[in-house]
Number of protein chains: 2
Amino acid sequence: MSDKLRLGMIGFGGRGIGMLKFALLPLSEEEVDLVAVCDLYQDRVEEAQKLIEEKHGYVPFGTTNYKDLLTMDNVDAIIIMSSWESHVDIAVDAMKAGKPVGMEVGCAYSLNDCWRLIHTYEETGIPCMMLENCCYGKRELMILNMVKKGIFGDVVHCEGGYMHDLRDEIVTGKEKRHYRLRNYLHRNCHNYPTHELGPICKILNINNGNRLLSLTSVATPAAKGLHEYVISRKGADHELANVEWRQADVVKTNIICANGEMISLTLDTTLPRTYSRNFTVRGTKANYFELNDSLYIDQQDAKYEFKGKEMWGCAEKYEEEYLHPLWKGYTVNDGHGGMDTQVFRAFINAVKLGINPPIDTYDTVTWMSIAVLSEMSIAAGGAPVAVPDFTNGKWMERTDIVDQKYGLNKIIEIEE
Amino acid sequence: MSDKLRLGMIGFGGRGIGMLKFALLPLSEEEVDLVAVCDLYQDRVEEAQKLIEEKHGYVPFGTTNYKDLLTMDNVDAIIIMSSWESHVDIAVDAMKAGKPVGMEVGCAYSLNDCWRLIHTYEETGIPCMMLENCCYGKRELMILNMVKKGIFGDVVHCEGGYMHDLRDEIVTGKEKRHYRLRNYLHRNCHNYPTHELGPICKILNINNGNRLLSLTSVATPAAKGLHEYVISRKGADHELANVEWRQADVVKTNIICANGEMISLTLDTTLPRTYSRNFTVRGTKANYFELNDSLYIDQQDAKYEFKGKEMWGCAEKYEEEYLHPLWKGYTVNDGHGGMDTQVFRAFINAVKLGINPPIDTYDTVTWMSIAVLSEMSIAAGGAPVAVPDFTNGKWMERTDIVDQKYGLNKIIEIEE
């Protein structure tokens, strides 16, 4: 067991249990040791313990107080999968206790909390990596690879969204003890920006020679979609039938980067629709649209000449030449097509080697901050809001984030 | 010839000649009489005269001075197809001369010009109808029909774009005497918003119980796509290789309506891509995406139950039930699939009946104004800009725009 990374894991709601079943337990065969589990609720602690016991025959340490995990000598690193609001407190405490943090995707509630994570990292040297699985998506990595090879020319616009019909999850939040319900009742912002923003930031070298400079956000009226859903599915007597939702059905955010590129984000979670992250990359020489999986290269050679309707869905045909090295021959399905396992491996690898993770503390904070910045802009009627420079100027010359095996920043070097 | 509408037509560049060939000449068999033609350039006047002579055996009156047409007693109405910058001057003069105006799609350069059109209409009672052909698109009208029937529930968000690779047209603007070149060299705004905005405004009852309230616009850097195109296709010695373009490759505009709905617009004309208007309508009960022609109705009955990939392209299956009456059995192809003919017929019908056209002066001005308002917002770093109420409050109770045969506002009444 000595070359396995020993994990303490916090938060076993839907996502935590899913991650345990489909990514952490499979990884525990060779790469990690599941030492300790924690949740605010005892029944969830027991569920996690039971799943680990069934696999390995031992019961890991369990607690409802996350601080217990931070004093355990046999915990090398902490995985945070708890509610969004709890992420920063737990991460800061873990970093101060010398435990590197892998933190599930989430959002910030104040700029002060963002800075707290930065200062803790800079004071302790212990990193916090957002486990942004979509950075490791098959298409996202293929397009990143193509952009780094220059196929897209200058990338001038990227677009993405978290477009996911979450009406059932939100409306049943009380039974499921789910944090989204309270967020939709009380906040109005792009509350979940990182699935689309993370991969785009890697494409645009954010915090590595570029940075997010300013944004504007606007919103539709408060969740008419949820209201319609409650009335039509649960009835006019349901306890959520007459609440005043604050979260808009659709939030649009446009970010301008220091180098001039625009990033357009959409939150779209309470109207009927199919899932999409709408990953879109527009360069002077090529473009990619996720919605119909189309890739168009300008002045393309005959090999890749698709016209009109043939173009729809043609991105697959570029896989042989441009699939990212991490995806060559990779067939794991962990419930999200293999992304969860990839992002965990990147975290494990960085902690074991003692290197800065490919999604580092500056990336984590920059991406989370969009939630609170969008809230500020919406509250001000769509006024432009400046994105803080969380690196304090280091972004201009930062080139230190190189992870040869699981990197996102230096793809070209990996292959040469 | 007495029950034909007698037209004077101004502007025979690419669009004007196209309209003549594919829409006006076919319509001249039964519905219009092509009495007079005008262009700033004599060769274009002669080209138009020749096309009409070939069809009808007579040479219509030709001139390089549009004012000549306004004094002709045998001209019932004026069609403006000239450069964007000339639209308002010509329209105002025509209206003052008592000639109803059908005005090609374009954009405004100042709010004062917008008000000039409004005041001229209110003083003369002569209407100016924007010939926004996309309002008559097959899919746009089908979705309008479905929205008016309540299938979409509350519509809370609409999206659209003018997404058209115009690099060749712009770069060859000097040879072709095309107005786009000077606009791309000098302005930075959403310079062509009405193709997507028009159909959306009809869906959201703009100027009929709702209005456009405010917008924010942001832009990528100035036309990197055009620069790359000139260098790679025309060479570094081309006269446009070192110009400073002002127009951004991509402009994003979010409009908020008085009733809270959001309209998201995109201008995207100088990067490689396939054509799209990205027509998107999001309601509490259904959505439509043009990019993959998908229509999803929530809680749908078995007849329309599409799941996952089956949904892609499924909108066609709703045509039998929901195709707009104007499109039932309609198979004209005028180069834009029949839309050009439809919008002309709507204009002709309104003028003949002496009724307010289905796209009236208030609509025309409201839609054009987005160009100059987006320019103001971009210039102010994305700051919110108020959209003037061009109706001066009349939008709250306006219900007078009913055109039983070619209407856009009262679809339900047409069928019942």
# chains A, B, ... in the order shown; residues from 1 in each chain; ligands from 1
$ closest_atom_pairs --of "chain B" --to "chain A" --cutoff "9 Å" --atoms "only C-alpha atoms" --output "Markdown table"
| residue | atom | partner | partner_atom | distance |
| --- | --- | --- | --- | --- |
| B:Gly153 | CA | A:Glu228 | CA | 8.6 |
| B:Asp154 | CA | A:Lys224 | CA | 7.7 |
| B:Val156 | CA | A:Thr220 | CA | 6.5 |
| B:His157 | CA | A:Thr220 | CA | 6.9 |
| B:Leu215 | CA | A:Gly382 | CA | 8.4 |
| B:Thr216 | CA | A:Gly382 | CA | 6.9 |
| B:Ser217 | CA | A:Thr216 | CA | 8.9 |
| B:Val218 | CA | A:Asn254 | CA | 7.2 |
| B:Ala219 | CA | A:Met262 | CA | 7.0 |
| B:Thr220 | CA | A:Met262 | CA | 5.5 |
| B:Pro221 | CA | A:Gly260 | CA | 5.6 |
| B:Lys224 | CA | A:Thr284 | CA | 6.7 |
| B:Gly225 | CA | A:Thr284 | CA | 4.8 |
| B:Leu226 | CA | A:Thr284 | CA | 8.3 |
| B:His227 | CA | A:Thr284 | CA | 8.8 |
| B:Glu228 | CA | A:Thr284 | CA | 6.5 |
| B:Tyr229 | CA | A:Thr284 | CA | 8.0 |
| B:Asp249 | CA | A:Val156 | CA | 7.7 |
| B:Val250 | CA | A:His157 | CA | 7.2 |
| B:Lys252 | CA | A:Asn254 | CA | 7.8 |
| B:Asn254 | CA | A:Val218 | CA | 7.2 |
| B:Ile255 | CA | A:Val218 | CA | 8.6 |
| B:Ile256 | CA | A:Thr220 | CA | 7.7 |
| B:Asn259 | CA | A:Pro221 | CA | 8.7 |
| B:Gly260 | CA | A:Pro221 | CA | 5.5 |
| B:Glu261 | CA | A:Thr220 | CA | 5.5 |
| B:Met262 | CA | A:Thr220 | CA | 5.5 |
| B:Ser264 | CA | A:Lys252 | CA | 8.2 |
| B:Thr270 | CA | A:Thr284 | CA | 8.3 |
| B:Leu271 | CA | A:Thr284 | CA | 5.6 |
| B:Pro272 | CA | A:Asp298 | CA | 6.0 |
| B:Arg273 | CA | A:Asn287 | CA | 6.8 |
| B:Thr274 | CA | A:Gly308 | CA | 7.4 |
| B:Arg282 | CA | A:Leu271 | CA | 7.4 |
| B:Gly283 | CA | A:Leu271 | CA | 6.9 |
| B:Thr284 | CA | A:Gly225 | CA | 4.8 |
| B:Lys285 | CA | A:Pro272 | CA | 6.5 |
| B:Ala286 | CA | A:Pro272 | CA | 6.2 |
| B:Asn287 | CA | A:Arg273 | CA | 6.8 |
| B:Leu291 | CA | A:Asn292 | CA | 7.3 |
| B:Asn292 | CA | A:Asn292 | CA | 6.2 |
| B:Tyr296 | CA | A:Arg273 | CA | 6.9 |
| B:Ile297 | CA | A:Pro272 | CA | 7.6 |
| B:Asp298 | CA | A:Pro272 | CA | 6.0 |
| B:Lys307 | CA | A:Thr274 | CA | 8.9 |
| B:Gly308 | CA | A:Thr274 | CA | 7.4 |
| B:Met311 | CA | A:Thr274 | CA | 8.9 |
| B:Trp312 | CA | A:Asn292 | CA | 8.4 |
| B:Gly381 | CA | A:Pro384 | CA | 7.1 |
| B:Gly382 | CA | A:Pro384 | CA | 6.1 |
| B:Ala383 | CA | A:Ala383 | CA | 5.2 |
| B:Pro384 | CA | A:Ala383 | CA | 6.0 |
$ select_by_dssp --residues "region 82-270 of chain A" --states "helix (DSSP H, G or I)" --output "PyMOL selection string"
chain A and resi 84-96+111-124+133-136+138-148+167-171+179-186+194-203+224-234
$ residues_around --residues "Lys50 (chain B)" --least-positions-apart "5" --cutoff "9 Å" --atoms "only C-alpha atoms" --output "PDB file with N, CA, C and O atoms, in the first residue's frame"
ATOM      1  N   VAL B  45     -28.173  50.586 -63.516  1.00  0.00           N
ATOM      2  CA  VAL B  45     -29.505  50.978 -64.030  1.00  0.00           C
ATOM      3  C   VAL B  45     -29.790  50.190 -65.304  1.00  0.00           C
ATOM      4  O   VAL B  45     -30.872  49.605 -65.468  1.00  0.00           O
ATOM      5  N   LYS B  55     -37.863  40.250 -69.907  1.00  0.00           N
ATOM      6  CA  LYS B  55     -39.064  39.562 -69.404  1.00  0.00           C
ATOM      7  C   LYS B  55     -40.344  40.123 -70.042  1.00  0.00           C
ATOM      8  O   LYS B  55     -41.228  39.366 -70.432  1.00  0.00           O
ATOM      9  N   VAL B  59     -38.838  48.811 -71.759  1.00  0.00           N
ATOM     10  CA  VAL B  59     -37.737  49.312 -70.929  1.00  0.00           C
ATOM     11  C   VAL B  59     -38.313  50.254 -69.875  1.00  0.00           C
ATOM     12  O   VAL B  59     -38.902  51.289 -70.225  1.00  0.00           O
ATOM     13  N   PRO B  60     -38.178  49.926 -68.612  1.00  0.00           N
ATOM     14  CA  PRO B  60     -38.723  50.811 -67.573  1.00  0.00           C
ATOM     15  C   PRO B  60     -37.896  52.092 -67.480  1.00  0.00           C
ATOM     16  O   PRO B  60     -36.741  52.134 -67.922  1.00  0.00           O
TER      17      PRO B  60
END
$ select_by_dssp --residues "region 101-305 of chain B" --states "strand (DSSP E or B)" --output "PyMOL selection string"
chain B and resi 101-103+128-130+155-163+206+210+212-219+222+248+250-257+262-268+276+280-283+286-289+294-297
$ write_last_selection --atoms "C-alpha atoms" --output "tab-separated table (two decimals), in the first residue's frame"
chain	number	residue	atom	x	y	z
B	101	VAL	CA	-41.69	52.18	-48.62
B	102	GLY	CA	-40.47	48.57	-48.63
B	103	MET	CA	-36.94	48.85	-47.26
B	128	CYS	CA	-42.08	52.11	-44.04
B	129	MET	CA	-41.87	48.32	-43.86
B	130	MET	CA	-38.53	46.59	-43.43
B	155	VAL	CA	-41.02	32.05	-23.67
B	156	VAL	CA	-38.20	33.37	-21.47
B	157	HIS	CA	-35.17	33.39	-23.73
B	158	CYS	CA	-34.54	33.66	-27.45
B	159	GLU	CA	-31.29	33.60	-29.31
B	160	GLY	CA	-30.17	34.22	-32.83
B	161	GLY	CA	-27.28	35.40	-34.91
B	162	TYR	CA	-26.14	36.62	-38.25
B	163	MET	CA	-23.47	33.99	-38.73
B	206	ILE	CA	-42.34	43.59	-29.24
B	210	ASN	CA	-43.80	44.31	-24.83
B	212	LEU	CA	-36.94	46.15	-25.96
B	213	LEU	CA	-35.74	47.83	-22.77
B	214	SER	CA	-31.94	47.73	-22.59
B	215	LEU	CA	-28.90	45.96	-23.98
B	216	THR	CA	-25.25	45.24	-23.39
B	217	SER	CA	-22.80	44.49	-26.22
B	218	VAL	CA	-19.25	43.23	-26.15
B	219	ALA	CA	-16.83	42.49	-28.96
B	222	ALA	CA	-11.00	43.99	-34.61
B	248	ALA	CA	-14.90	42.84	-34.41
B	250	VAL	CA	-17.73	38.45	-33.09
B	251	VAL	CA	-20.15	40.80	-31.31
B	252	LYS	CA	-22.44	39.52	-28.57
B	253	THR	CA	-25.50	41.51	-27.56
B	254	ASN	CA	-27.98	40.69	-24.81
B	255	ILE	CA	-31.26	42.57	-24.84
B	256	ILE	CA	-33.68	42.63	-21.91
B	257	CYS	CA	-37.37	43.18	-22.67
B	262	MET	CA	-33.79	38.04	-22.74
B	263	ILE	CA	-32.77	38.09	-26.40
B	264	SER	CA	-29.17	37.09	-27.16
B	265	LEU	CA	-27.77	38.15	-30.54
B	266	THR	CA	-24.49	37.34	-32.27
B	267	LEU	CA	-22.78	38.98	-35.23
B	268	ASP	CA	-20.20	36.57	-36.61
B	276	SER	CA	-26.53	29.91	-39.50
B	280	THR	CA	-33.33	29.48	-30.68
B	281	VAL	CA	-36.52	29.75	-28.65
B	282	ARG	CA	-36.70	28.65	-25.02
B	283	GLY	CA	-39.98	28.33	-23.21
B	286	ALA	CA	-40.58	23.56	-25.11
B	287	ASN	CA	-37.47	24.62	-26.93
B	288	TYR	CA	-36.18	24.89	-30.48
B	289	PHE	CA	-32.55	24.93	-31.69
B	294	SER	CA	-34.24	20.11	-32.85
B	295	LEU	CA	-37.56	20.67	-31.20
B	296	TYR	CA	-38.28	19.36	-27.75
B	297	ILE	CA	-41.67	19.55	-26.05
$ atom_distance --atom1 "CA of Leu131 (chain A)" --atom2 "CA of Glu104 (chain A)"
5.1 Å
$ residues_around --residues "Leu181 (chain A)" --least-positions-apart "4" --cutoff "10 Å" --atoms "only C-alpha atoms" --output "compact mmCIF listing (two decimals) with all heavy atoms, in the first residue's frame"
# COMPACT_ATOMS: atom_id res chain seq x y z
N ARG A 167 -34.34 20.50 -13.17
CA ARG A 167 -35.57 20.81 -12.45
C ARG A 167 -35.92 19.80 -11.38
O ARG A 167 -36.26 20.16 -10.25
CB ARG A 167 -36.73 20.99 -13.45
CG ARG A 167 -36.54 22.20 -14.36
CD ARG A 167 -37.62 22.27 -15.42
NE ARG A 167 -37.58 21.10 -16.30
CZ ARG A 167 -38.51 20.80 -17.19
NH1 ARG A 167 -39.57 21.57 -17.31
NH2 ARG A 167 -38.39 19.72 -17.95
N GLU A 169 -33.88 17.66 -9.80
CA GLU A 169 -32.90 17.70 -8.71
C GLU A 169 -33.15 18.88 -7.78
O GLU A 169 -33.07 18.75 -6.55
CB GLU A 169 -31.48 17.80 -9.28
CG GLU A 169 -30.42 17.91 -8.20
CD GLU A 169 -29.02 18.07 -8.79
OE1 GLU A 169 -28.56 17.12 -9.43
OE2 GLU A 169 -28.42 19.15 -8.60
N ILE A 170 -33.47 20.03 -8.37
CA ILE A 170 -33.67 21.23 -7.54
C ILE A 170 -34.94 21.11 -6.71
O ILE A 170 -34.94 21.36 -5.51
CB ILE A 170 -33.72 22.49 -8.43
CG1 ILE A 170 -32.37 22.70 -9.12
CG2 ILE A 170 -34.11 23.72 -7.61
CD1 ILE A 170 -32.41 23.65 -10.30
N VAL A 171 -36.02 20.69 -7.37
CA VAL A 171 -37.32 20.66 -6.70
C VAL A 171 -37.37 19.59 -5.61
O VAL A 171 -38.07 19.73 -4.61
CB VAL A 171 -38.43 20.48 -7.77
CG1 VAL A 171 -39.76 20.11 -7.13
CG2 VAL A 171 -38.57 21.77 -8.58
N THR A 172 -36.60 18.52 -5.78
CA THR A 172 -36.57 17.47 -4.74
C THR A 172 -35.40 17.69 -3.78
O THR A 172 -35.00 16.78 -3.06
CB THR A 172 -36.43 16.08 -5.39
OG1 THR A 172 -35.23 16.07 -6.19
CG2 THR A 172 -37.62 15.75 -6.27
N GLY A 173 -34.88 18.92 -3.75
CA GLY A 173 -33.68 19.20 -2.96
C GLY A 173 -33.84 18.97 -1.46
O GLY A 173 -32.88 18.63 -0.77
N LYS A 174 -35.05 19.16 -0.95
CA LYS A 174 -35.25 19.00 0.48
C LYS A 174 -35.10 17.53 0.89
O LYS A 174 -34.34 17.20 1.81
CB LYS A 174 -36.64 19.52 0.88
CG LYS A 174 -36.74 19.91 2.33
CD LYS A 174 -38.01 20.75 2.56
CE LYS A 174 -38.26 20.95 4.05
NZ LYS A 174 -39.53 21.66 4.26
N LYS A 176 -33.59 15.28 -0.76
CA LYS A 176 -32.24 14.81 -1.09
C LYS A 176 -31.16 15.58 -0.35
O LYS A 176 -29.98 15.35 -0.60
CB LYS A 176 -32.04 14.91 -2.61
CG LYS A 176 -32.91 13.93 -3.38
CD LYS A 176 -32.63 13.99 -4.87
CE LYS A 176 -33.53 13.01 -5.63
NZ LYS A 176 -33.64 13.34 -7.06
N ARG A 177 -31.54 16.49 0.50
CA ARG A 177 -30.58 17.33 1.23
C ARG A 177 -29.58 17.94 0.26
O ARG A 177 -28.37 17.87 0.47
CB ARG A 177 -29.88 16.49 2.33
CG ARG A 177 -30.83 15.94 3.38
CD ARG A 177 -30.17 14.97 4.31
NE ARG A 177 -29.75 13.74 3.65
CZ ARG A 177 -29.40 12.62 4.28
NH1 ARG A 177 -29.41 12.56 5.61
NH2 ARG A 177 -29.02 11.55 3.60
N LEU A 185 -33.19 29.30 -4.59
CA LEU A 185 -34.15 30.14 -3.88
C LEU A 185 -33.58 31.51 -3.53
O LEU A 185 -34.31 32.48 -3.39
CB LEU A 185 -34.61 29.44 -2.59
CG LEU A 185 -35.63 28.33 -2.78
CD1 LEU A 185 -35.80 27.53 -1.48
CD2 LEU A 185 -36.98 28.92 -3.24
N HIS A 186 -32.24 31.58 -3.39
CA HIS A 186 -31.66 32.81 -2.82
C HIS A 186 -30.73 33.60 -3.72
O HIS A 186 -30.59 34.80 -3.53
CB HIS A 186 -30.94 32.47 -1.51
CG HIS A 186 -31.86 31.97 -0.46
ND1 HIS A 186 -32.77 32.79 0.17
CD2 HIS A 186 -32.06 30.74 0.05
CE1 HIS A 186 -33.48 32.07 1.05
NE2 HIS A 186 -33.08 30.81 1.00
N TRP A 245 -38.57 32.24 -6.41
CA TRP A 245 -37.23 31.86 -6.84
C TRP A 245 -36.43 33.11 -7.17
O TRP A 245 -36.98 34.07 -7.70
CB TRP A 245 -37.32 30.97 -8.09
CG TRP A 245 -38.10 29.71 -7.90
CD1 TRP A 245 -39.39 29.50 -8.26
CD2 TRP A 245 -37.65 28.50 -7.30
NE1 TRP A 245 -39.78 28.22 -7.93
CE2 TRP A 245 -38.73 27.58 -7.34
CE3 TRP A 245 -36.45 28.08 -6.74
CZ2 TRP A 245 -38.63 26.28 -6.83
CZ3 TRP A 245 -36.35 26.79 -6.23
CH2 TRP A 245 -37.43 25.91 -6.28
$ atom_distance --atom1 "CA of Cys114 (chain B)" --atom2 "CA of Ala77 (chain B)"
20.8 Å
$ residues_around --residues "Phe344 (chain B)" --least-positions-apart "3" --cutoff "8 Å" --atoms "only C-alpha atoms" --output "PDB file with N, CA and C atoms, in the first residue's frame"
ATOM      1  N   ALA B  23     -37.247  37.322 -57.189  1.00  0.00           N
ATOM      2  CA  ALA B  23     -38.518  37.623 -56.513  1.00  0.00           C
ATOM      3  C   ALA B  23     -39.367  38.622 -57.305  1.00  0.00           C
ATOM      4  N   LEU B 131     -38.212  44.969 -45.201  1.00  0.00           N
ATOM      5  CA  LEU B 131     -38.461  43.711 -45.922  1.00  0.00           C
ATOM      6  C   LEU B 131     -37.638  42.602 -45.266  1.00  0.00           C
ATOM      7  N   ASP B 340     -38.155  35.558 -49.564  1.00  0.00           N
ATOM      8  CA  ASP B 340     -38.163  36.870 -50.225  1.00  0.00           C
ATOM      9  C   ASP B 340     -39.528  37.148 -50.842  1.00  0.00           C
ATOM     10  N   THR B 341     -40.072  36.142 -51.499  1.00  0.00           N
ATOM     11  CA  THR B 341     -41.379  36.285 -52.120  1.00  0.00           C
ATOM     12  C   THR B 341     -42.462  36.524 -51.070  1.00  0.00           C
ATOM     13  N   PHE B 347     -45.822  42.969 -48.125  1.00  0.00           N
ATOM     14  CA  PHE B 347     -45.740  44.417 -48.385  1.00  0.00           C
ATOM     15  C   PHE B 347     -46.786  44.846 -49.407  1.00  0.00           C
ATOM     16  N   ILE B 348     -46.826  44.114 -50.512  1.00  0.00           N
ATOM     17  CA  ILE B 348     -47.772  44.429 -51.598  1.00  0.00           C
ATOM     18  C   ILE B 348     -49.208  44.436 -51.070  1.00  0.00           C
TER      19      ILE B 348
END
$ residues_around --residues "Glu46 (chain A)" --least-positions-apart "5" --cutoff "9 Å" --atoms "only C-alpha atoms" --output "list in words"
Val37, Leu51 and Gly62 of chain A
$ write_last_selection --atoms "N, CA, C and O atoms" --output "CSV table (one decimal), in the first residue's frame"
chain,number,residue,atom,x,y,z
A,37,VAL,N,-13.5,8.6,5.6
A,37,VAL,CA,-14.7,9.3,5.0
A,37,VAL,C,-15.4,10.2,6.0
A,37,VAL,O,-15.4,9.9,7.2
A,51,LEU,N,-19.6,0.7,1.2
A,51,LEU,CA,-19.2,0.5,-0.2
A,51,LEU,C,-17.7,0.2,-0.2
A,51,LEU,O,-17.2,-0.7,-1.0
A,62,GLY,N,-14.6,6.8,9.9
A,62,GLY,CA,-15.7,7.6,9.5
A,62,GLY,C,-16.0,8.6,10.6
A,62,GLY,O,-15.8,8.4,11.7
